[in-house]
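Text of the file start-v3.txt, holding compact mmCIF, C-alpha atoms and all ligand atoms:
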# COMPACT_ATOMS: atom_id res chain seq x y z
CA MET Q 1 28.65 11.72 2.77
CA ASN Q 2 31.98 12.95 1.42
CA LYS Q 3 34.46 10.63 -0.19
CA ASP Q 4 36.85 9.95 2.65
CA LYS Q 5 40.07 8.09 3.21
CA ILE Q 6 39.11 5.69 5.98
CA VAL Q 7 41.22 3.37 8.13
CA VAL Q 8 39.07 0.58 9.56
CA ALA Q 9 40.46 -1.38 12.54
CA LEU Q 10 38.89 -4.80 13.07
CA GLY Q 11 38.72 -6.39 16.50
CA GLY Q 12 38.77 -10.00 17.66
CA ASN Q 13 35.07 -10.53 16.95
CA ALA Q 14 35.66 -9.95 13.22
CA LEU Q 15 37.90 -13.03 13.02
CA GLY Q 16 37.02 -15.59 15.71
CA ASN Q 17 39.20 -18.31 17.18
CA SER Q 18 39.82 -21.02 14.58
CA PRO Q 19 40.47 -21.20 10.83
CA GLU Q 20 36.95 -22.58 10.20
CA GLU Q 21 35.33 -19.89 12.33
CA GLN Q 22 37.46 -17.16 10.77
CA LEU Q 23 36.62 -18.26 7.23
CA MET Q 24 32.93 -18.05 8.13
CA LEU Q 25 33.12 -14.77 10.06
CA VAL Q 26 35.08 -12.87 7.42
CA LYS Q 27 32.10 -13.21 5.06
CA GLY Q 28 30.18 -10.96 7.45
CA THR Q 29 33.17 -8.74 8.13
CA ALA Q 30 33.51 -8.09 4.39
CA LYS Q 31 30.04 -6.54 4.13
CA PRO Q 32 30.51 -3.22 5.99
CA ILE Q 33 33.92 -2.90 4.32
CA ALA Q 34 32.33 -3.40 0.89
CA ASP Q 35 29.63 -0.86 1.82
CA LEU Q 36 32.31 1.77 2.37
CA ILE Q 37 34.06 0.89 -0.87
CA GLU Q 38 30.77 0.90 -2.77
CA ALA Q 39 30.05 4.37 -1.37
CA GLY Q 40 33.28 5.53 -2.99
CA HIS Q 41 35.57 5.79 0.02
CA GLU Q 42 39.23 4.80 0.05
CA VAL Q 43 39.55 2.01 2.60
CA ILE Q 44 42.61 0.78 4.45
CA LEU Q 45 42.09 -2.20 6.75
CA ALA Q 46 43.88 -3.07 9.97
CA HIS Q 47 43.12 -5.93 12.35
CA GLY Q 48 44.03 -7.60 15.62
CA ASN Q 49 45.72 -11.02 15.87
CA GLY Q 50 45.61 -12.09 19.54
CA PRO Q 51 44.10 -15.58 19.21
CA GLN Q 52 45.74 -16.23 15.84
CA VAL Q 53 49.30 -15.36 16.81
CA GLY Q 54 48.69 -17.28 20.04
CA MET Q 55 47.71 -20.35 18.03
CA ILE Q 56 50.74 -20.09 15.72
CA ASN Q 57 53.09 -19.49 18.63
CA LEU Q 58 51.67 -22.44 20.54
CA ALA Q 59 51.92 -24.78 17.56
CA MET Q 60 55.57 -23.87 17.06
CA ALA Q 61 56.75 -23.43 20.61
CA THR Q 62 59.46 -25.60 22.04
CA SER Q 63 58.48 -27.36 25.21
CA ALA Q 64 61.37 -26.86 27.57
CA ALA Q 65 60.78 -30.38 28.86
CA SER Q 66 60.37 -32.38 25.64
CA GLU Q 67 62.28 -33.00 22.40
CA ALA Q 68 61.26 -30.39 19.86
CA LYS Q 69 60.20 -31.76 16.48
CA THR Q 70 60.22 -28.40 14.73
CA PRO Q 71 62.50 -25.42 15.37
CA GLU Q 72 60.92 -22.88 17.65
CA MET Q 73 59.41 -20.02 15.67
CA PRO Q 74 60.47 -16.60 17.02
CA PHE Q 75 57.60 -14.29 18.00
CA PRO Q 76 58.07 -11.64 15.27
CA GLU Q 77 57.94 -14.47 12.67
CA CYS Q 78 54.72 -15.73 14.31
CA GLY Q 79 53.31 -12.22 13.84
CA ALA Q 80 54.32 -12.23 10.17
CA MET Q 81 52.59 -15.60 9.72
CA SER Q 82 49.44 -14.29 11.37
CA GLN Q 83 49.37 -11.34 8.96
CA GLY Q 84 49.53 -13.75 6.03
CA TYR Q 85 46.92 -16.11 7.42
CA ILE Q 86 44.42 -13.42 8.41
CA GLY Q 87 45.17 -11.35 5.31
CA PHE Q 88 44.45 -14.35 3.10
CA HIS Q 89 40.97 -14.81 4.58
CA LEU Q 90 40.16 -11.10 4.58
CA GLN Q 91 41.32 -10.34 1.04
CA ASN Q 92 39.59 -13.47 -0.20
CA ALA Q 93 36.25 -12.58 1.42
CA ILE Q 94 36.34 -8.89 0.51
CA ARG Q 95 37.22 -9.69 -3.11
CA GLU Q 96 34.24 -12.03 -3.35
CA GLU Q 97 31.85 -9.57 -1.68
CA LEU Q 98 32.98 -6.82 -4.08
CA LEU Q 99 32.61 -9.06 -7.14
CA ASN Q 100 29.11 -10.00 -5.97
CA ARG Q 101 28.35 -6.28 -6.15
CA ASN Q 102 29.95 -6.01 -9.59
CA LEU Q 103 32.87 -4.06 -8.17
CA ASN Q 104 36.23 -5.01 -9.60
CA VAL Q 105 38.56 -3.54 -6.97
CA PRO Q 106 41.91 -5.21 -6.19
CA VAL Q 107 42.47 -6.22 -2.55
CA ALA Q 108 45.84 -7.20 -1.10
CA THR Q 109 47.64 -7.69 2.19
CA ILE Q 110 51.00 -6.14 2.92
CA VAL Q 111 53.34 -7.86 5.37
CA THR Q 112 53.92 -4.81 7.53
CA GLN Q 113 56.78 -3.93 9.86
CA VAL Q 114 56.08 -1.28 12.47
CA ILE Q 115 59.01 0.55 13.94
CA VAL Q 116 59.25 0.91 17.70
CA ASP Q 117 61.79 2.71 19.86
CA LYS Q 118 64.33 0.35 21.42
CA ASP Q 119 64.30 2.68 24.44
CA ASP Q 120 60.50 2.58 24.77
CA PRO Q 121 59.85 2.34 28.53
CA ALA Q 122 57.46 -0.56 27.79
CA PHE Q 123 60.49 -2.83 27.22
CA SER Q 124 61.42 -2.59 30.87
CA LYS Q 125 58.01 -3.78 32.04
CA PRO Q 126 56.55 -6.48 29.75
CA THR Q 127 52.81 -6.91 30.24
CA LYS Q 128 51.35 -8.94 27.35
CA PRO Q 129 51.08 -12.68 28.06
CA ILE Q 130 51.73 -14.87 25.02
CA GLY Q 131 51.82 -18.57 24.23
CA ALA Q 132 51.60 -21.67 26.37
CA PHE Q 133 51.35 -22.21 30.11
CA TYR Q 134 54.40 -23.77 31.74
CA SER Q 135 55.21 -25.36 35.10
CA LYS Q 136 57.43 -23.52 37.55
CA GLU Q 137 60.40 -25.74 36.58
CA GLU Q 138 59.88 -25.19 32.84
CA ALA Q 139 59.47 -21.46 33.41
CA GLU Q 140 62.76 -21.31 35.32
CA LEU Q 141 64.50 -23.16 32.50
CA LEU Q 142 63.12 -20.72 29.90
CA ILE Q 143 64.24 -17.75 31.99
CA ALA Q 144 67.75 -19.21 32.29
CA GLN Q 145 68.08 -20.48 28.69
CA LYS Q 146 66.28 -17.83 26.70
CA GLY Q 147 66.07 -14.84 28.98
CA TYR Q 148 62.26 -14.79 28.77
CA THR Q 149 60.21 -12.88 31.31
CA MET Q 150 57.76 -15.36 32.81
CA VAL Q 151 54.86 -14.53 35.12
CA GLU Q 152 52.43 -16.63 37.10
CA ASP Q 153 48.99 -16.37 35.55
CA ALA Q 154 46.14 -16.68 38.09
CA GLY Q 155 47.10 -20.19 39.26
CA ARG Q 156 47.04 -21.61 35.73
CA GLY Q 157 50.81 -21.82 35.44
CA TYR Q 158 53.59 -19.63 34.10
CA ARG Q 159 53.43 -17.67 30.87
CA ARG Q 160 55.85 -15.60 28.89
CA VAL Q 161 55.12 -11.87 28.83
CA VAL Q 162 56.36 -9.42 26.20
CA ALA Q 163 56.40 -5.63 26.01
CA SER Q 164 53.77 -3.50 24.31
CA PRO Q 165 55.72 -0.56 22.86
CA LYS Q 166 54.17 2.35 20.95
CA PRO Q 167 54.36 2.42 17.14
CA ILE Q 168 56.52 5.24 15.79
CA ASP Q 169 56.57 4.56 12.04
CA VAL Q 170 55.45 2.04 9.42
CA ALA Q 171 58.23 0.69 7.21
CA GLU Q 172 55.93 -0.08 4.24
CA LYS Q 173 53.94 3.16 4.38
CA GLU Q 174 54.98 4.27 0.86
CA THR Q 175 53.83 0.95 -0.60
CA VAL Q 176 50.49 1.19 1.18
CA GLU Q 177 50.09 4.78 0.04
CA ALA Q 178 50.92 3.95 -3.61
CA LEU Q 179 48.35 1.16 -3.66
CA VAL Q 180 45.69 3.29 -2.00
CA GLU Q 181 46.30 6.04 -4.56
CA LYS Q 182 45.79 3.45 -7.30
CA GLY Q 183 42.41 2.55 -5.80
CA HIS Q 184 43.45 -0.75 -4.24
CA ILE Q 185 42.11 -1.95 -0.91
CA VAL Q 186 45.04 -2.63 1.40
CA ILE Q 187 45.18 -4.76 4.54
CA THR Q 188 48.10 -3.57 6.66
CA VAL Q 189 49.56 -3.35 10.20
CA GLY Q 190 47.92 -6.70 10.99
CA GLY Q 191 48.09 -7.49 14.69
CA GLY Q 192 49.55 -4.03 15.21
CA GLY Q 193 52.37 -4.82 12.77
CA ILE Q 194 55.55 -6.84 13.17
CA PRO Q 195 57.50 -4.87 15.77
CA VAL Q 196 60.98 -3.92 14.60
CA ILE Q 197 63.72 -1.69 15.95
CA ARG Q 198 66.01 0.32 13.71
CA GLU Q 199 69.76 -0.28 13.69
CA GLY Q 200 71.36 1.66 10.86
CA ASN Q 201 69.89 0.20 7.66
CA ARG Q 202 68.58 -2.86 9.45
CA LEU Q 203 65.17 -3.43 10.89
CA ILE Q 204 65.32 -6.10 13.55
CA GLY Q 205 62.21 -8.01 14.65
CA VAL Q 206 61.63 -7.91 18.38
CA PRO Q 207 59.37 -10.09 20.52
CA ALA Q 208 56.67 -7.57 21.45
CA VAL Q 209 53.02 -6.78 20.76
CA ILE Q 210 52.01 -3.41 19.37
CA ASP Q 211 48.41 -2.57 20.21
CA LYS Q 212 46.43 -2.78 16.96
CA ASP Q 213 44.40 0.31 17.95
CA PHE Q 214 47.59 2.39 18.21
CA ALA Q 215 49.07 0.95 15.02
CA SER Q 216 45.81 1.70 13.16
CA GLU Q 217 45.94 5.26 14.44
CA LYS Q 218 49.57 5.59 13.32
CA ILE Q 219 48.93 4.39 9.76
CA ALA Q 220 45.85 6.64 9.59
CA GLU Q 221 48.02 9.65 10.44
CA LEU Q 222 50.80 8.61 8.06
CA LEU Q 223 48.35 8.18 5.17
CA ASP Q 224 46.63 11.47 6.03
CA ALA Q 225 43.30 9.69 6.45
CA ASP Q 226 40.11 11.59 7.27
CA TYR Q 227 38.46 8.99 9.39
CA LEU Q 228 39.48 6.20 11.79
CA ILE Q 229 36.79 3.60 12.42
CA ILE Q 230 37.39 1.09 15.21
CA LEU Q 231 35.01 -1.88 14.96
CA THR Q 232 34.75 -3.94 18.12
CA ALA Q 233 32.24 -5.91 20.21
CA VAL Q 234 30.28 -2.97 21.68
CA GLU Q 235 28.05 -0.50 19.85
CA LYS Q 236 29.23 2.48 21.88
CA VAL Q 237 31.74 3.54 24.49
CA ALA Q 238 30.31 3.81 28.00
CA ILE Q 239 31.18 5.58 31.18
CA ASN Q 240 30.54 3.64 34.37
CA TYR Q 241 30.69 0.58 32.11
CA GLY Q 242 28.90 -2.43 33.60
CA LYS Q 243 27.62 -0.45 36.55
CA GLU Q 244 24.08 0.62 37.45
CA ASN Q 245 24.70 4.18 36.29
CA GLU Q 246 26.24 3.04 33.00
CA LYS Q 247 25.87 5.65 30.27
CA TRP Q 248 26.46 5.02 26.56
CA LEU Q 249 28.08 7.90 24.71
CA SER Q 250 27.19 9.03 21.18
CA LYS Q 251 29.73 11.83 21.11
CA LEU Q 252 32.95 12.36 22.93
CA SER Q 253 34.91 15.59 22.78
CA VAL Q 254 38.65 15.62 23.34
CA GLU Q 255 38.16 17.29 26.75
CA GLU Q 256 35.56 14.75 27.85
CA ALA Q 257 37.67 11.84 26.63
CA ASN Q 258 40.66 13.10 28.61
CA GLN Q 259 38.55 13.57 31.72
CA TYR Q 260 36.98 10.09 31.48
CA ILE Q 261 40.39 8.50 30.89
CA GLU Q 262 41.63 10.28 34.00
CA GLU Q 263 38.63 8.98 35.96
CA GLY Q 264 39.39 5.40 34.85
CA HIS Q 265 36.24 4.66 32.86
CA PHE Q 266 37.99 2.61 30.17
CA ALA Q 267 39.56 -0.78 30.81
CA PRO Q 268 43.30 -0.91 30.04
CA GLY Q 269 44.08 -3.34 27.23
CA SER Q 270 40.55 -3.24 25.81
CA MET Q 271 38.58 0.04 25.62
CA LEU Q 272 41.33 2.37 26.86
CA PRO Q 273 43.64 1.97 23.82
CA LYS Q 274 40.66 2.52 21.49
CA VAL Q 275 39.65 5.77 23.19
CA GLN Q 276 43.29 6.88 23.33
CA ALA Q 277 43.81 6.06 19.64
CA ALA Q 278 40.57 7.83 18.65
CA LEU Q 279 41.52 10.83 20.74
CA GLN Q 280 45.03 10.98 19.29
CA PHE Q 281 43.71 10.78 15.73
CA ALA Q 282 40.91 13.34 16.20
CA SER Q 283 43.28 15.86 17.75
CA SER Q 284 46.17 15.27 15.29
CA LYS Q 285 44.78 17.58 12.58
CA PRO Q 286 41.64 19.68 12.10
CA GLY Q 287 38.81 17.78 10.40
CA ARG Q 288 39.95 14.33 11.44
CA ARG Q 289 37.44 12.23 13.30
CA ALA Q 290 37.15 8.77 14.81
CA LEU Q 291 34.28 6.37 15.42
CA ILE Q 292 34.09 3.45 17.81
CA THR Q 293 31.22 1.04 17.18
CA SER Q 294 30.43 -2.64 16.72
CA LEU Q 295 31.01 -4.68 13.59
CA GLU Q 296 27.28 -5.51 13.52
CA LYS Q 297 26.30 -1.84 13.65
CA ALA Q 298 29.08 -0.64 11.36
CA LYS Q 299 26.69 0.37 8.59
CA ASP Q 300 24.48 2.44 10.92
CA GLY Q 301 27.54 3.84 12.65
CA ILE Q 302 29.09 5.02 9.41
CA GLU Q 303 25.78 6.66 8.50
CA GLY Q 304 25.95 8.56 11.78
CA LYS Q 305 23.09 6.67 13.42
CA THR Q 306 25.01 5.02 16.23
CA GLY Q 307 28.46 4.48 17.72
CA THR Q 308 30.65 6.90 19.62
CA MET Q 309 32.09 9.71 17.53
CA ILE Q 310 35.28 11.34 18.79
CA GLN Q 311 35.81 14.76 17.31
CA VAL Q 312 37.50 17.98 18.36
P1 LIG Q 401 38.90 -5.81 20.28
O1 LIG Q 401 39.20 -7.22 19.98
O2 LIG Q 401 37.89 -5.22 19.35
O3 LIG Q 401 40.12 -4.94 20.42
P2 LIG Q 401 38.59 -5.67 23.19
O4 LIG Q 401 38.00 -6.81 23.90
O5 LIG Q 401 40.05 -5.45 23.28
O6 LIG Q 401 38.10 -5.80 21.68
O7 LIG Q 401 37.88 -4.32 23.65
C1 LIG Q 401 36.47 -4.14 23.55
C2 LIG Q 401 35.81 -4.44 24.89
O8 LIG Q 401 36.08 -3.42 25.85
C3 LIG Q 401 34.30 -4.44 24.86
O9 LIG Q 401 33.79 -5.65 24.38
C4 LIG Q 401 33.92 -4.20 26.33
O10 LIG Q 401 33.66 -5.40 26.98
C5 LIG Q 401 35.18 -3.59 26.93
N1 LIG Q 401 35.04 -2.33 27.64
C6 LIG Q 401 35.81 -1.95 28.68
N2 LIG Q 401 35.51 -0.73 29.13
C7 LIG Q 401 34.50 -0.27 28.34
C8 LIG Q 401 33.76 0.95 28.29
N3 LIG Q 401 33.99 1.95 29.15
N4 LIG Q 401 32.79 1.08 27.35
C9 LIG Q 401 32.56 0.07 26.47
N5 LIG Q 401 33.23 -1.12 26.47
C10 LIG Q 401 34.20 -1.30 27.39
MG MG Q 402 41.69 -5.23 21.89

Give the structure from the file, written as structure tokens.
Ligand code: ADP
Ligand code: MG
Amino acid sequence: MNKDKIVVALGGNALGNSPEEQLMLVKGTAKPIADLIEAGHEVILAHGNGPQVGMINLAMATSAASEAKTPEMPFPECGAMSQGYIGFHLQNAIREELLNRNLNVPVATIVTQVIVDKDDPAFSKPTKPIGAFYSKEEAELLIAQKGYTMVEDAGRGYRRVVASPKPIDVAEKETVEALVEKGHIVITVGGGGIPVIREGNRLIGVPAVIDKDFASEKIAELLDADYLIILTAVEKVAINYGKENEKWLSKLSVEEANQYIEEGHFAPGSMLPKVQAALQFASSKPGRRALITSLEKAKDGIEGKTGTMIQV
């Protein structure tokens, strides 16, 4: 295998749902990452943050009905906290795994702002539910007082929804690049990055969620990576997923991917953004390729034995 520059995107199953679980799971997550580093590749890590940012947001949310004991933490700040919390566990576990293999490679997390377009059409139709469930009365109060968009969630109450805009640039890309060039392992664009809009010299945090698959793709392009590896809960991408005629795919050309997207084979919000990100990366420059496989099968996938490879 060549020495590649590889962006690895970790999904929810790499981190779990509580601090205890995360601390345990990252030990396993560190292994395929260390394998890549040991094989001589340059590795940049990205990860999701759904449950973690949800937890932080929930812990620091103001109940519209009760006296708040702590100031409400704005959503972009919750995202920044989640990057620190997840980054701590990941850099800690990867460092240890590398030292156990006698590899002295520095690992660090960068608090990363990802620039989005204030005119992104996503802002006019928020879709990502975040935080706590509220009663109808509380929801109406939040709409009036804070201008939140609240939607009824399958009979469980009302929840705030935020937009999911596309990433257009990464504010700390030069820092990430400098560290990667020095041989450091960098954890970046956690949770898709902290979404910010540009206003002159200012970057302003906005309450939104950037899909981590798209943010990973963006940083991979910006760093001129060779390879984008998306590690998730399934070993391969399927067409007719969950149906009797389900078919697992080992290879996916750009044409096939486009056709299957058109035919609706990939669930929006889960497999669709991964296939779209892989497709975008593979077609962005000759030689670039993307792999979607499971965390458990990462080693085999990287060796070309399993997973779904997206290549022009
Ligand atoms: P992550 O946390 O890694 O982003 P997601 O849950 O968002 O994981 O997306 C991965 C999930 O997508 C898989 O676990 C699987 O249940 C689902 N999925 C939807 N459509 C497909 C498909 N066509 N092929 C494979 N998996 C699919
Ligand atoms: Mg996902």

task = Measuring atom to atom with all atoms listed in the file, identify which of Q:Ala290, Q:Ile56, Q:Leu98, Q:Leu23 is nearest to Asp213 of chain Q.
result =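 Ranked by minimum distance to Asp213 of chain Q, first place goes to Q:Ala290.
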
query = Nearest to Val196 of chain Q among Q:Val53, Q:Ile115, Q:Ile143, Q:Ala14, with distances taken over all atoms listed in the file: which residue is it?
reply = Q:Ile115

task = Using only C-alpha atoms, determine which residues lie at most 7 Å from segment 229-245 of chain Q, disregarding the query and same-chain residues fewer than 2 positions distant; provide the list as a list in words.
result = Val7, Val8, Ala9, Leu10, Gly11, Asn13, Tyr227, Lys247, Trp248, Leu249, Ser250, His265, Ala290, Leu291, Ile292, Thr293, Ser294, Leu295, Lys297, Gly307 and Thr308 of chain Q

message = Show me, as an NGL selection string, the residues that have an atom within 6 Å of Gly40 of chain Q when counting all atoms listed in the file, minus same-chain residues fewer than 2 positions from it.
response = :Q and (3 or 37-38)

inquiry  = With distances taken over only C-alpha atoms and all ligand atoms, which residue among Q:Gly200, Q:Gly183, Q:Gly16, Q:Gly191 lies nearest ligand MG 402 (chain Q)?
reply    =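 Of Q:Gly200, Q:Gly183, Q:Gly16, Q:Gly191, the one nearest ligand MG 402 (chain Q), counting only C-alpha atoms and all ligand atoms, is Q:Gly191.
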